[in-house]
$ cat model.txt   # compact mmCIF, C-alpha atoms
# COMPACT_ATOMS: atom_id res chain seq x y z
CA MET A 1 0.00 0.00 0.00
CA LYS A 2 1.26 3.44 -0.92
CA PHE A 3 0.96 6.18 1.69
CA THR A 4 1.99 9.78 2.32
CA LYS A 5 3.10 11.24 5.63
CA MET A 6 1.92 14.83 6.16
CA GLN A 7 1.82 17.24 9.08
CA GLY A 8 0.04 20.43 10.02
CA ILE A 9 2.14 22.27 12.64
CA GLY A 10 3.28 18.95 14.07
CA ASN A 11 -0.10 17.16 14.04
CA ASP A 12 1.08 14.29 11.81
CA TYR A 13 -1.00 11.66 10.07
CA ILE A 14 -0.55 8.84 7.57
CA TYR A 15 -2.58 9.60 4.44
CA VAL A 16 -3.83 6.99 1.97
CA ASN A 17 -5.32 7.88 -1.42
CA CYS A 18 -8.40 5.64 -1.57
CA PHE A 19 -9.10 6.83 -5.10
CA GLU A 20 -6.31 4.33 -5.85
CA GLU A 21 -5.90 2.10 -2.75
CA THR A 22 -8.24 -0.19 -0.79
CA VAL A 23 -7.97 -0.43 3.00
CA PRO A 24 -9.97 -3.39 4.36
CA ASP A 25 -9.63 -2.71 8.13
CA PRO A 26 -8.68 0.95 8.73
CA ALA A 27 -9.06 0.80 12.52
CA GLU A 28 -6.55 -2.03 12.87
CA LEU A 29 -4.26 -0.42 10.30
CA ALA A 30 -4.37 2.90 12.20
CA ARG A 31 -3.27 1.18 15.41
CA ARG A 32 -0.44 -0.69 13.67
CA LEU A 33 0.93 2.10 11.48
CA SER A 34 0.62 4.92 14.03
CA ASP A 35 3.04 3.22 16.42
CA ARG A 36 6.16 5.41 16.45
CA HIS A 37 8.47 2.50 17.32
CA PHE A 38 7.13 -0.36 15.21
CA GLY A 39 5.08 1.44 12.53
CA ILE A 40 5.33 4.54 10.38
CA GLY A 41 4.44 6.77 13.31
CA GLY A 42 1.72 9.38 13.52
CA ASP A 43 -1.31 10.70 15.38
CA GLY A 44 -3.53 8.46 13.25
CA LEU A 45 -4.61 7.42 9.76
CA ILE A 46 -6.52 9.56 7.27
CA LEU A 47 -8.13 7.99 4.21
CA ILE A 48 -8.85 10.32 1.28
CA ARG A 49 -11.96 8.79 -0.27
CA PRO A 50 -14.26 9.56 -3.22
CA THR A 51 -17.59 11.09 -2.21
CA PRO A 52 -20.70 12.39 -4.01
CA ASN A 53 -20.76 15.33 -1.56
CA GLY A 54 -17.58 17.15 -2.56
CA ASP A 55 -14.12 16.88 -4.08
CA ALA A 56 -13.02 14.20 -1.59
CA MET A 57 -13.83 12.81 1.84
CA MET A 58 -11.57 12.81 4.89
CA ASP A 59 -12.05 9.55 6.83
CA LEU A 60 -10.05 9.78 10.07
CA TYR A 61 -8.92 7.11 12.53
CA ASN A 62 -7.02 8.00 15.70
CA ALA A 63 -3.85 6.23 16.77
CA ASP A 64 -5.90 3.89 18.99
CA GLY A 65 -8.18 2.91 16.09
CA SER A 66 -11.16 5.01 17.21
CA ARG A 67 -12.90 7.02 14.51
CA ALA A 68 -13.02 10.83 14.64
CA LYS A 69 -15.43 13.12 12.85
CA MET A 70 -13.15 16.07 12.22
CA CYS A 71 -9.54 17.30 12.41
CA GLY A 72 -8.58 20.86 11.53
CA ASN A 73 -4.90 20.18 10.85
CA GLY A 74 -5.73 16.96 9.02
CA ILE A 75 -8.22 18.59 6.69
CA ARG A 76 -5.71 21.28 5.67
CA CYS A 77 -3.32 18.49 4.64
CA VAL A 78 -6.14 16.76 2.75
CA GLY A 79 -6.73 20.02 0.87
CA ARG A 80 -3.10 20.31 -0.15
CA TYR A 81 -2.95 16.63 -1.14
CA VAL A 82 -6.13 16.86 -3.22
CA TYR A 83 -4.84 19.93 -5.06
CA GLU A 84 -1.18 19.02 -5.60
CA ARG A 85 -1.77 15.32 -6.38
CA GLY A 86 -4.34 16.21 -9.03
CA ILE A 87 -7.55 14.90 -7.49
CA ALA A 88 -9.13 18.37 -7.84
CA ARG A 89 -7.08 21.32 -9.09
CA ARG A 90 -9.28 24.01 -7.58
CA GLU A 91 -8.31 26.73 -5.12
CA VAL A 92 -11.69 26.40 -3.38
CA LEU A 93 -12.36 22.80 -2.32
CA HIS A 94 -15.26 21.08 -0.63
CA ILE A 95 -14.10 18.24 1.62
CA ASP A 96 -16.66 15.86 3.08
CA THR A 97 -16.27 14.75 6.73
CA LEU A 98 -18.39 12.91 9.27
CA SER A 99 -19.27 16.34 10.67
CA GLY A 100 -20.36 17.73 7.30
CA VAL A 101 -18.82 19.28 4.19
CA LYS A 102 -16.10 21.87 4.88
CA THR A 103 -15.03 24.63 2.48
CA LEU A 104 -11.27 25.13 2.06
CA ARG A 105 -9.60 28.12 0.42
CA LEU A 106 -6.06 27.47 -0.74
CA ALA A 107 -3.31 30.08 -1.05
CA VAL A 108 -1.36 28.79 -4.06
CA GLU A 109 1.98 30.10 -5.32
CA GLN A 110 3.66 28.62 -8.41
CA GLY A 111 1.55 25.48 -8.20
CA ALA A 112 2.26 24.81 -4.49
CA VAL A 113 -0.19 25.30 -1.61
CA ARG A 114 1.34 27.73 0.90
CA SER A 115 -1.52 27.82 3.43
CA VAL A 116 -5.11 26.70 3.79
CA GLU A 117 -8.08 28.48 5.33
CA VAL A 118 -10.92 26.24 6.50
CA ASP A 119 -14.50 27.27 7.21
CA MET A 120 -14.92 25.22 10.39
CA GLY A 121 -18.60 26.10 10.82
CA ALA A 122 -20.37 27.49 13.83
CA PRO A 123 -19.36 26.21 17.27
CA VAL A 124 -21.94 24.00 18.96
CA LEU A 125 -22.60 25.02 22.56
CA GLU A 126 -25.69 23.00 23.56
CA PRO A 127 -24.55 20.35 26.07
CA GLU A 128 -26.55 17.47 24.59
CA GLN A 129 -25.09 18.11 21.12
CA ILE A 130 -21.43 18.34 22.25
CA PRO A 131 -22.13 15.94 24.10
CA VAL A 132 -21.52 16.58 27.80
CA ARG A 133 -23.73 15.47 30.68
CA LEU A 134 -24.37 18.89 32.18
CA SER A 135 -27.56 20.93 32.32
CA GLY A 136 -28.30 24.37 30.86
CA ARG A 137 -28.14 25.97 27.43
CA GLN A 138 -24.34 26.28 27.49
CA VAL A 139 -21.41 25.06 29.57
CA VAL A 140 -19.31 28.21 30.00
CA ASP A 141 -16.88 28.63 32.91
CA ARG A 142 -18.73 25.86 34.77
CA ALA A 143 -17.44 24.36 38.00
CA VAL A 144 -17.20 20.55 37.86
CA GLU A 145 -15.56 17.85 39.95
CA LEU A 146 -13.72 15.00 38.23
CA GLU A 147 -12.03 12.22 40.19
CA GLY A 148 -12.45 14.30 43.34
CA ARG A 149 -10.76 17.41 41.89
CA PRO A 150 -12.40 20.79 41.09
CA PHE A 151 -12.11 22.32 37.59
CA GLN A 152 -13.63 25.27 35.70
CA VAL A 153 -14.59 24.12 32.20
CA THR A 154 -16.08 25.47 28.99
CA CYS A 155 -17.40 22.88 26.53
CA VAL A 156 -17.64 23.34 22.76
CA SER A 157 -18.10 21.06 19.76
CA MET A 158 -16.34 21.85 16.50
CA GLY A 159 -17.61 18.62 14.92
CA ASN A 160 -15.92 16.78 17.79
CA PRO A 161 -16.21 17.39 21.55
CA HIS A 162 -13.87 19.77 23.38
CA CYS A 163 -13.41 20.77 27.00
CA VAL A 164 -11.39 23.99 27.52
CA LEU A 165 -9.67 25.01 30.75
CA PHE A 166 -7.71 28.22 31.40
CA VAL A 167 -4.39 27.92 33.24
CA GLU A 168 -1.59 30.26 34.28
CA ASP A 169 1.22 28.42 32.47
CA VAL A 170 0.79 25.67 29.88
CA ALA A 171 4.51 24.88 29.67
CA SER A 172 4.75 23.51 33.21
CA LEU A 173 1.42 21.67 33.10
CA PRO A 174 1.51 17.93 34.02
CA LEU A 175 -0.52 17.09 30.93
CA GLU A 176 0.06 13.33 31.05
CA GLN A 177 -1.62 13.31 34.46
CA LEU A 178 -4.45 15.74 33.69
CA GLY A 179 -5.41 14.64 30.17
CA PRO A 180 -6.66 11.15 31.07
CA VAL A 181 -8.82 12.60 33.87
CA PHE A 182 -11.03 14.12 31.14
CA GLU A 183 -10.56 11.89 28.08
CA TRP A 184 -13.05 9.11 28.86
CA ASN A 185 -14.71 10.50 31.99
CA PRO A 186 -18.44 9.53 32.19
CA LEU A 187 -19.25 13.26 32.00
CA PHE A 188 -18.36 12.96 28.28
CA PRO A 189 -20.32 10.07 26.72
CA GLU A 190 -18.23 10.08 23.52
CA GLY A 191 -14.95 11.02 25.20
CA VAL A 192 -13.45 14.48 24.84
CA ASN A 193 -10.46 16.45 23.57
CA THR A 194 -9.13 18.67 26.35
CA GLU A 195 -7.43 22.03 25.77
CA PHE A 196 -5.38 23.82 28.42
CA VAL A 197 -5.12 27.49 27.47
CA GLN A 198 -2.92 30.31 28.74
CA VAL A 199 -4.15 33.79 27.83
CA VAL A 200 -1.23 35.94 26.67
CA SER A 201 -3.44 38.80 25.50
CA ARG A 202 -6.87 39.27 23.93
CA GLU A 203 -5.29 38.47 20.55
CA GLU A 204 -2.87 35.72 21.59
CA LEU A 205 -3.33 32.34 23.28
CA ASN A 206 -0.95 29.53 24.22
CA MET A 207 -2.47 26.04 24.10
CA ARG A 208 -1.65 22.41 24.80
CA VAL A 209 -4.04 19.60 23.98
CA TRP A 210 -4.77 16.07 25.10
CA GLU A 211 -6.61 14.46 22.19
CA ARG A 212 -9.15 11.71 22.59
CA GLY A 213 -7.57 8.51 21.31
CA SER A 214 -4.10 9.98 20.69
CA GLY A 215 -2.85 11.59 23.92
CA GLU A 216 -0.88 14.82 23.69
CA THR A 217 -0.42 16.00 20.12
CA TRP A 218 1.62 18.95 18.96
CA ALA A 219 -1.42 20.67 17.51
CA CYS A 220 -5.20 20.42 17.20
CA GLY A 221 -7.04 22.64 14.74
CA THR A 222 -10.54 22.04 16.08
CA GLY A 223 -9.10 22.51 19.57
CA ALA A 224 -7.64 25.89 18.61
CA CYS A 225 -11.07 26.92 17.30
CA ALA A 226 -12.77 25.70 20.48
CA SER A 227 -10.20 27.55 22.58
CA LEU A 228 -10.83 30.85 20.81
CA ALA A 229 -14.59 30.37 21.20
CA ALA A 230 -14.20 29.55 24.90
CA ALA A 231 -11.87 32.51 25.49
CA PHE A 232 -14.37 34.86 23.85
CA LEU A 233 -17.32 33.43 25.78
CA CYS A 234 -15.39 33.78 29.05
CA GLY A 235 -14.43 37.38 28.26
CA LYS A 236 -10.73 36.59 27.96
CA ALA A 237 -10.20 37.29 24.22
CA GLY A 238 -11.74 38.96 21.22
CA ARG A 239 -13.10 37.26 18.12
CA LYS A 240 -9.70 36.90 16.48
CA ALA A 241 -6.48 35.47 17.87
CA VAL A 242 -3.23 33.73 17.05
CA VAL A 243 -3.13 30.40 18.88
CA HIS A 244 0.38 29.14 19.67
CA LEU A 245 0.64 25.35 19.84
CA ARG A 246 3.66 23.12 20.37
CA GLY A 247 4.03 22.60 16.63
CA GLY A 248 3.36 26.16 15.43
CA ASP A 249 0.71 28.84 15.08
CA LEU A 250 -2.87 28.94 13.79
CA ARG A 251 -4.86 32.06 13.02
CA ILE A 252 -8.44 31.72 14.26
CA ARG A 253 -11.35 34.12 13.85
CA TRP A 254 -15.00 33.85 14.89
CA GLU A 255 -17.01 36.02 12.53
CA GLU A 256 -19.86 37.89 14.15
CA ALA A 257 -21.74 38.28 10.86
CA ASP A 258 -22.20 34.59 10.06
CA GLY A 259 -21.31 33.00 13.41
CA ARG A 260 -18.74 30.71 11.80
CA ILE A 261 -15.14 30.06 12.84
CA TYR A 262 -12.32 30.21 10.29
CA MET A 263 -8.91 28.61 10.77
CA GLU A 264 -5.81 29.33 8.68
CA GLY A 265 -2.46 27.58 8.79
CA PRO A 266 0.12 25.51 6.88
CA ALA A 267 0.04 21.92 5.59
CA GLU A 268 3.25 20.10 4.76
CA PHE A 269 4.32 16.93 2.95
CA VAL A 270 6.88 14.88 4.92
CA PHE A 271 7.50 11.83 2.71
CA ASP A 272 5.89 9.18 0.51
CA GLY A 273 6.32 5.47 1.11
CA GLU A 274 5.04 1.97 0.54
CA ILE A 275 4.30 -0.70 3.14
CA PRO A 276 3.02 -4.29 2.93
CA LEU A 277 -0.50 -4.80 4.28
$ encode --input "model.txt" --output "structure tokens"
Amino acid sequence: MKFTKMQGIGNDYIYVNCFEETVPDPAELARRLSDRHFGIGGDGLILIRPTPNGDAMMDLYNADGSRAKMCGNGIRCVGRYVYERGIARREVLHIDTLSGVKTLRLAVEQGAVRSVEVDMGAPVLEPEQIPVRLSGRQVVDRAVELEGRPFQVTCVSMGNPHCVLFVEDVASLPLEQLGPVFEWNPLFPEGVNTEFVQVVSREELNMRVWERGSGETWACGTGACASLAAAFLCGKAGRKAVVHLRGGDLRIRWEEADGRIYMEGPAEFVFDGEIPL
């Protein structure tokens, strides 16, 4: 099977062109290939499939084999792959996902994609749609107790569930201890991605993320969008900010006019390869 390794600010996945390849058991393959010691290594497996709903579909499996509906960094890489590998040579692409069709706008110079802006849609704030087992119309700066410890949380869905917490310093955070407290807690019936956010200014956020099914990753595009939304709802930021992640920066804006969040950042090829199934 031929594959391509790509990364969006350090959020790295193994990509397979299913216009040409067949993958019989993607969950098992994701677990095997994502292993950084015995496989190719990555945060998961992304299949680029044909779809009647757009130029291509992004079908995403986390490193543990669980399926995810959406990935902001992954979809930017899908956009670059689709354009540069000739699946659809358009600077505006429509990529199907399990959370709906997303519109991508590519910045192209001399035939190469330099950056990708994704219309991530409107954030979902209703608890039952995120989902999170808490009452009310929204979960904003809510006090909760998990495993006997108090936390202040804001919950948002960007096509996948997010729980955002604000901290004084993300660099010194014991993320490997805190992340699992949230990931599969019964409060989150489908699990959750957890963002720990340090407010630098109203236009600048530092963020680390513990992703459901993958652990700490160097970046999370949907998480950056959820973090900006949470920061705005909590009065800590405006509608536009640069979000600094371990792997690089994303530019996020929440448009007041249409209520949608837009994410812009790079997408990079790492290498192509071939592996026996």
$ atom_distance --input "model.txt" --atom1 "atom CA of Asn17 of chain A" --atom2 "atom CA of Tyr81 of chain A"
9.1 Å
$ residues_near_point --input "model.txt" --point "(-1.0, 18.8, 32.6)" --cutoff "12 Å" --atoms "all atoms listed in the file" --output "NGL selection string"
:A and (165-182 or 194-197 or 207-210 or 215-216)
$ write_last_selection --input "model.txt" --atoms "C-alpha atoms" --output "PDB file, keeping the file's coordinate frame"
ATOM      1  CA  LEU A 165      -9.670  25.010  30.750  1.00  0.00           C
ATOM      2  CA  PHE A 166      -7.710  28.220  31.400  1.00  0.00           C
ATOM      3  CA  VAL A 167      -4.390  27.920  33.240  1.00  0.00           C
ATOM      4  CA  GLU A 168      -1.590  30.260  34.280  1.00  0.00           C
ATOM      5  CA  ASP A 169       1.220  28.420  32.470  1.00  0.00           C
ATOM      6  CA  VAL A 170       0.790  25.670  29.880  1.00  0.00           C
ATOM      7  CA  ALA A 171       4.510  24.880  29.670  1.00  0.00           C
ATOM      8  CA  SER A 172       4.750  23.510  33.210  1.00  0.00           C
ATOM      9  CA  LEU A 173       1.420  21.670  33.100  1.00  0.00           C
ATOM     10  CA  PRO A 174       1.510  17.930  34.020  1.00  0.00           C
ATOM     11  CA  LEU A 175      -0.520  17.090  30.930  1.00  0.00           C
ATOM     12  CA  GLU A 176       0.060  13.330  31.050  1.00  0.00           C
ATOM     13  CA  GLN A 177      -1.620  13.310  34.460  1.00  0.00           C
ATOM     14  CA  LEU A 178      -4.450  15.740  33.690  1.00  0.00           C
ATOM     15  CA  GLY A 179      -5.410  14.640  30.170  1.00  0.00           C
ATOM     16  CA  PRO A 180      -6.660  11.150  31.070  1.00  0.00           C
ATOM     17  CA  VAL A 181      -8.820  12.600  33.870  1.00  0.00           C
ATOM     18  CA  PHE A 182     -11.030  14.120  31.140  1.00  0.00           C
ATOM     19  CA  THR A 194      -9.130  18.670  26.350  1.00  0.00           C
ATOM     20  CA  GLU A 195      -7.430  22.030  25.770  1.00  0.00           C
ATOM     21  CA  PHE A 196      -5.380  23.820  28.420  1.00  0.00           C
ATOM     22  CA  VAL A 197      -5.120  27.490  27.470  1.00  0.00           C
ATOM     23  CA  MET A 207      -2.470  26.040  24.100  1.00  0.00           C
ATOM     24  CA  ARG A 208      -1.650  22.410  24.800  1.00  0.00           C
ATOM     25  CA  VAL A 209      -4.040  19.600  23.980  1.00  0.00           C
ATOM     26  CA  TRP A 210      -4.770  16.070  25.100  1.00  0.00           C
ATOM     27  CA  GLY A 215      -2.850  11.590  23.920  1.00  0.00           C
ATOM     28  CA  GLU A 216      -0.880  14.820  23.690  1.00  0.00           C
TER      29      GLU A 216
END
$ atom_distance --input "model.txt" --atom1 "atom CA of Val16 of chain A" --atom2 "atom CA of Leu93 of chain A"
18.5 Å
$ residues_around --input "model.txt" --residues "Ala122 of chain A" --least-positions-apart "5" --cutoff "8 Å" --atoms "all atoms listed in the file" --output "list in words"
Met158, Gly259, Arg260 and Ile261 of chain A
$ closest_residue --input "model.txt" --among "A:Val92, A:Val243, A:Leu125, A:Leu98" --to "Arg80 of chain A" --atoms "all atoms listed in the file"
A:Val92
$ closest_atom_pairs --input "model.txt" --of "segment 170-233 of chain A" --to "segment 29-44 of chain A" --cutoff "12 Å" --atoms "all atoms listed in the file" --output "JSON lines"
{"residue": "A:Trp210", "atom": "CA", "partner": "A:Asp43", "partner_atom": "CA", "distance": 11.6}
{"residue": "A:Glu211", "atom": "CA", "partner": "A:Asp43", "partner_atom": "CA", "distance": 9.4}
{"residue": "A:Arg212", "atom": "CA", "partner": "A:Asp43", "partner_atom": "CA", "distance": 10.7}
{"residue": "A:Gly213", "atom": "CA", "partner": "A:Asp43", "partner_atom": "CA", "distance": 8.9}
{"residue": "A:Ser214", "atom": "CA", "partner": "A:Asp43", "partner_atom": "CA", "distance": 6.0}
{"residue": "A:Gly215", "atom": "CA", "partner": "A:Asp43", "partner_atom": "CA", "distance": 8.7}
{"residue": "A:Glu216", "atom": "CA", "partner": "A:Asp43", "partner_atom": "CA", "distance": 9.3}
{"residue": "A:Thr217", "atom": "CA", "partner": "A:Asp43", "partner_atom": "CA", "distance": 7.2}
{"residue": "A:Trp218", "atom": "CA", "partner": "A:Asp43", "partner_atom": "CA", "distance": 9.5}
{"residue": "A:Ala219", "atom": "CA", "partner": "A:Asp43", "partner_atom": "CA", "distance": 10.2}
{"residue": "A:Cys220", "atom": "CA", "partner": "A:Asp43", "partner_atom": "CA", "distance": 10.6}
$ closest_residue --input "model.txt" --among "A:His162, A:Arg114, A:Arg76, A:Arg202" --to "Lys102 of chain A" --atoms "only C-alpha atoms"
A:Arg76
$ axis_aligned_box --input "model.txt" --around "segment 89-95 of chain A" --padding-each-side "3 Å" --output "lines of an AutoDock Vina configuration file"
center_x = -11.2
center_y = 22.5
center_z = -3.7
size_x = 14.2
size_y = 14.5
size_z = 16.7
$ residues_around --input "model.txt" --residues "Gln7 of chain A" --least-positions-apart "5" --cutoff "9 Å" --atoms "all atoms listed in the file" --output "PDB file with C-alpha atoms, keeping the file's coordinate frame"
ATOM      1  CA  ASP A  12       1.080  14.290  11.810  1.00  0.00           C
ATOM      2  CA  TYR A  13      -1.000  11.660  10.070  1.00  0.00           C
ATOM      3  CA  ILE A  14      -0.550   8.840   7.570  1.00  0.00           C
ATOM      4  CA  ASN A  73      -4.900  20.180  10.850  1.00  0.00           C
ATOM      5  CA  GLY A  74      -5.730  16.960   9.020  1.00  0.00           C
ATOM      6  CA  CYS A  77      -3.320  18.490   4.640  1.00  0.00           C
ATOM      7  CA  PRO A 266       0.120  25.510   6.880  1.00  0.00           C
ATOM      8  CA  ALA A 267       0.040  21.920   5.590  1.00  0.00           C
ATOM      9  CA  GLU A 268       3.250  20.100   4.760  1.00  0.00           C
ATOM     10  CA  PHE A 269       4.320  16.930   2.950  1.00  0.00           C
ATOM     11  CA  VAL A 270       6.880  14.880   4.920  1.00  0.00           C
TER      12      VAL A 270
END
$ residues_around --input "model.txt" --residues "Ala231 of chain A" --least-positions-apart "2" --cutoff "10 Å" --atoms "all atoms listed in the file" --output "list in words"
Val140, Asp141, Thr154, Val164, Leu165, Phe166, Val197, Gln198, Val199, Arg202, Leu205, Cys225, Ala226, Ser227, Leu228, Ala229, Leu233, Cys234, Gly235, Lys236, Ala237, Gly238, Arg239 and Ala241 of chain A
$ closest_residue --input "model.txt" --among "A:Cys71, A:Leu104, A:Val113, A:Leu187" --to "Arg85 of chain A" --atoms "all atoms listed in the file"
A:Val113
$ atom_distance --input "model.txt" --atom1 "atom CA of Glu147 of chain A" --atom2 "atom CA of Gly159 of chain A"
26.7 Å
$ build_atoms --input "model.txt" --residues "segment 139-151 of chain A" --atoms "N, CA, C and O atoms" --output "compact mmCIF listing (two decimals), in the frame of the given file"
# COMPACT_ATOMS: atom_id res chain seq x y z
N VAL A 139 -22.33 25.38 28.48
CA VAL A 139 -21.41 25.06 29.57
C VAL A 139 -20.23 26.02 29.43
O VAL A 139 -19.27 25.75 28.71
N VAL A 140 -20.32 27.15 30.09
CA VAL A 140 -19.31 28.21 30.00
C VAL A 140 -18.81 28.53 31.40
O VAL A 140 -19.61 28.90 32.27
N ASP A 141 -17.50 28.36 31.62
CA ASP A 141 -16.88 28.63 32.91
C ASP A 141 -17.64 27.93 34.05
O ASP A 141 -17.93 28.53 35.09
N ARG A 142 -17.93 26.65 33.82
CA ARG A 142 -18.73 25.86 34.77
C ARG A 142 -17.82 25.10 35.74
O ARG A 142 -16.85 24.48 35.32
N ALA A 143 -18.18 25.12 37.00
CA ALA A 143 -17.44 24.36 38.00
C ALA A 143 -17.89 22.90 37.96
O ALA A 143 -19.08 22.60 38.00
N VAL A 144 -16.92 21.99 37.84
CA VAL A 144 -17.20 20.55 37.86
C VAL A 144 -16.17 19.87 38.76
O VAL A 144 -15.12 20.44 39.06
N GLU A 145 -16.50 18.65 39.16
CA GLU A 145 -15.56 17.85 39.95
C GLU A 145 -15.34 16.52 39.22
O GLU A 145 -16.29 15.79 38.96
N LEU A 146 -14.09 16.23 38.89
CA LEU A 146 -13.72 15.00 38.23
C LEU A 146 -12.67 14.29 39.06
O LEU A 146 -11.65 14.91 39.43
N GLU A 147 -12.93 13.04 39.37
CA GLU A 147 -12.03 12.22 40.19
C GLU A 147 -11.65 12.94 41.48
O GLU A 147 -10.49 12.93 41.92
N GLY A 148 -12.65 13.64 42.06
CA GLY A 148 -12.45 14.30 43.34
C GLY A 148 -11.72 15.63 43.27
O GLY A 148 -11.38 16.20 44.32
N ARG A 149 -11.50 16.15 42.04
CA ARG A 149 -10.76 17.41 41.89
C ARG A 149 -11.64 18.46 41.22
O ARG A 149 -12.38 18.16 40.28
N PRO A 150 -11.58 19.73 41.68
CA PRO A 150 -12.40 20.79 41.09
C PRO A 150 -11.75 21.39 39.83
O PRO A 150 -10.53 21.59 39.79
N PHE A 151 -12.57 21.67 38.82
CA PHE A 151 -12.11 22.32 37.59
C PHE A 151 -13.17 23.31 37.12
O PHE A 151 -14.35 23.16 37.40
